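Engineer: Please see the structure below; I have some questions.
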Amino acid sequence: MGQEDSANLDRVLASQVKESNDIESAINLFQEALMSSCNKSFKTRWVTKKTTKYKSVPWWTEELTLTRKRINALRTTNNDDLRKRRKNQYQDEKSKYQAAIKREKIKS
């Protein structure tokens with residue numbers, strides 16, 4: 001929104017407030033103008049379920065996110081020999097991860 005547009009908007013809103021006995025409609029008009037200018041001025045990022053999937057609970061921590069990623073890295077492989085070697089390590093890390101989740105839940 002340019003400086004001229006801002007001045008024009010200011011004049012229109014000021015005249016609405018002065019001429020109108022209905023403060024409610026003047027406030028609604030101002031709110032609509034404000035929302036419109038904000039929507040044009042600021043970039044908005046759409047929040048997806050993927051970004052909030054593991055952060056929607058108050059007890060979730062960055063450490064839990066990193067641990068989950070490490071465990072998933074141990075689990076996912078296309079090599080059967082490597083998968084067999086990692087199986088015990090995966091199960092140990094998964095039990096530690098589940099214990100960490102329980103601890104965080106109790107803290108909050």
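Chain labels follow the order of the structure tokens: the first chain is A, the next B, and so on; residue numbering restarts at 1 in every chain, and ligands are counted from 1 in their shown order.
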Name the residues of chain A that come out as alpha helix (DSSP H) in a backbone DSSP run; write them as an MDAnalysis selection string.
Structural biologist: chainID A and resid 3:19 23:41 49:52 62:75 80:107
Engineer: To one decimal place, how far is CA of Ser37 in chain A from CA of Glu19 in chain A in Å?
Structural biologist: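 Value for the CA of Ser37 in chain A-CA of Glu19 in chain A distance: 23.2 Å.
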Engineer: Sort by chain and increasing residue number a table of all residues of range 7-66 of chain A within 12 Å of range 91-105 of chain A, each with its closest pair of atoms and their distance in Å to one decimal, counting only C-alpha atoms, and write it as a Markdown table.
Structural biologist:
| residue | atom | partner | partner_atom | distance |
| --- | --- | --- | --- | --- |
| A:Tyr54 | CA | A:Ile101 | CA | 11.8 |
| A:Val57 | CA | A:Lys105 | CA | 9.4 |
| A:Pro58 | CA | A:Lys105 | CA | 8.8 |
| A:Trp59 | CA | A:Glu104 | CA | 5.7 |
| A:Trp60 | CA | A:Glu104 | CA | 7.2 |
| A:Thr61 | CA | A:Glu104 | CA | 8.1 |
| A:Glu62 | CA | A:Glu104 | CA | 11.5 |
| A:Glu63 | CA | A:Ala100 | CA | 9.2 |
| A:Leu64 | CA | A:Ile101 | CA | 7.3 |
| A:Thr65 | CA | A:Tyr97 | CA | 9.9 |
| A:Leu66 | CA | A:Tyr97 | CA | 10.1 |
Engineer: Taking N, CA and C atoms for each residue, export the selection above as a PDB file, in the first residue's frame.
Structural biologist:
ATOM      1  N   TYR A  54       4.033 -33.389  15.091  1.00  0.00           N
ATOM      2  CA  TYR A  54       4.725 -33.800  16.304  1.00  0.00           C
ATOM      3  C   TYR A  54       4.933 -32.652  17.277  1.00  0.00           C
ATOM      4  N   VAL A  57       1.624 -31.101  20.933  1.00  0.00           N
ATOM      5  CA  VAL A  57       1.464 -31.350  22.361  1.00  0.00           C
ATOM      6  C   VAL A  57       2.499 -30.529  23.127  1.00  0.00           C
ATOM      7  N   PRO A  58       2.143 -30.005  24.276  1.00  0.00           N
ATOM      8  CA  PRO A  58       3.044 -29.087  24.982  1.00  0.00           C
ATOM      9  C   PRO A  58       4.321 -29.734  25.511  1.00  0.00           C
ATOM     10  N   TRP A  59       4.326 -31.026  25.697  1.00  0.00           N
ATOM     11  CA  TRP A  59       5.491 -31.683  26.282  1.00  0.00           C
ATOM     12  C   TRP A  59       6.523 -32.098  25.232  1.00  0.00           C
ATOM     13  N   TRP A  60       6.219 -31.951  23.958  1.00  0.00           N
ATOM     14  CA  TRP A  60       7.149 -32.368  22.904  1.00  0.00           C
ATOM     15  C   TRP A  60       8.367 -31.450  22.884  1.00  0.00           C
ATOM     16  N   THR A  61       9.561 -32.049  22.776  1.00  0.00           N
ATOM     17  CA  THR A  61      10.799 -31.278  22.787  1.00  0.00           C
ATOM     18  C   THR A  61      11.595 -31.528  21.514  1.00  0.00           C
ATOM     19  N   GLU A  62      12.558 -30.663  21.284  1.00  0.00           N
ATOM     20  CA  GLU A  62      13.457 -30.819  20.143  1.00  0.00           C
ATOM     21  C   GLU A  62      14.271 -32.106  20.268  1.00  0.00           C
ATOM     22  N   GLU A  63      14.623 -32.462  21.479  1.00  0.00           N
ATOM     23  CA  GLU A  63      15.378 -33.706  21.722  1.00  0.00           C
ATOM     24  C   GLU A  63      14.570 -34.922  21.273  1.00  0.00           C
ATOM     25  N   LEU A  64      13.267 -34.921  21.548  1.00  0.00           N
ATOM     26  CA  LEU A  64      12.422 -36.028  21.109  1.00  0.00           C
ATOM     27  C   LEU A  64      12.350 -36.101  19.579  1.00  0.00           C
ATOM     28  N   THR A  65      12.317 -34.950  18.936  1.00  0.00           N
ATOM     29  CA  THR A  65      12.297 -34.920  17.473  1.00  0.00           C
ATOM     30  C   THR A  65      13.567 -35.539  16.910  1.00  0.00           C
ATOM     31  N   LEU A  66      14.711 -35.140  17.469  1.00  0.00           N
ATOM     32  CA  LEU A  66      15.986 -35.681  16.990  1.00  0.00           C
ATOM     33  C   LEU A  66      16.095 -37.181  17.254  1.00  0.00           C
TER      34      LEU A  66
END
Engineer: Ranking A:Asn88, A:Cys38, A:Asn78, A:Leu29 by minimum distance to Asp10 in chain A and counting only C-alpha atoms, which one comes first?
Structural biologist: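 Checking each of A:Asn88, A:Cys38, A:Asn78, A:Leu29 against Asp10 in chain A, counting only C-alpha atoms, the winner is A:Leu29.
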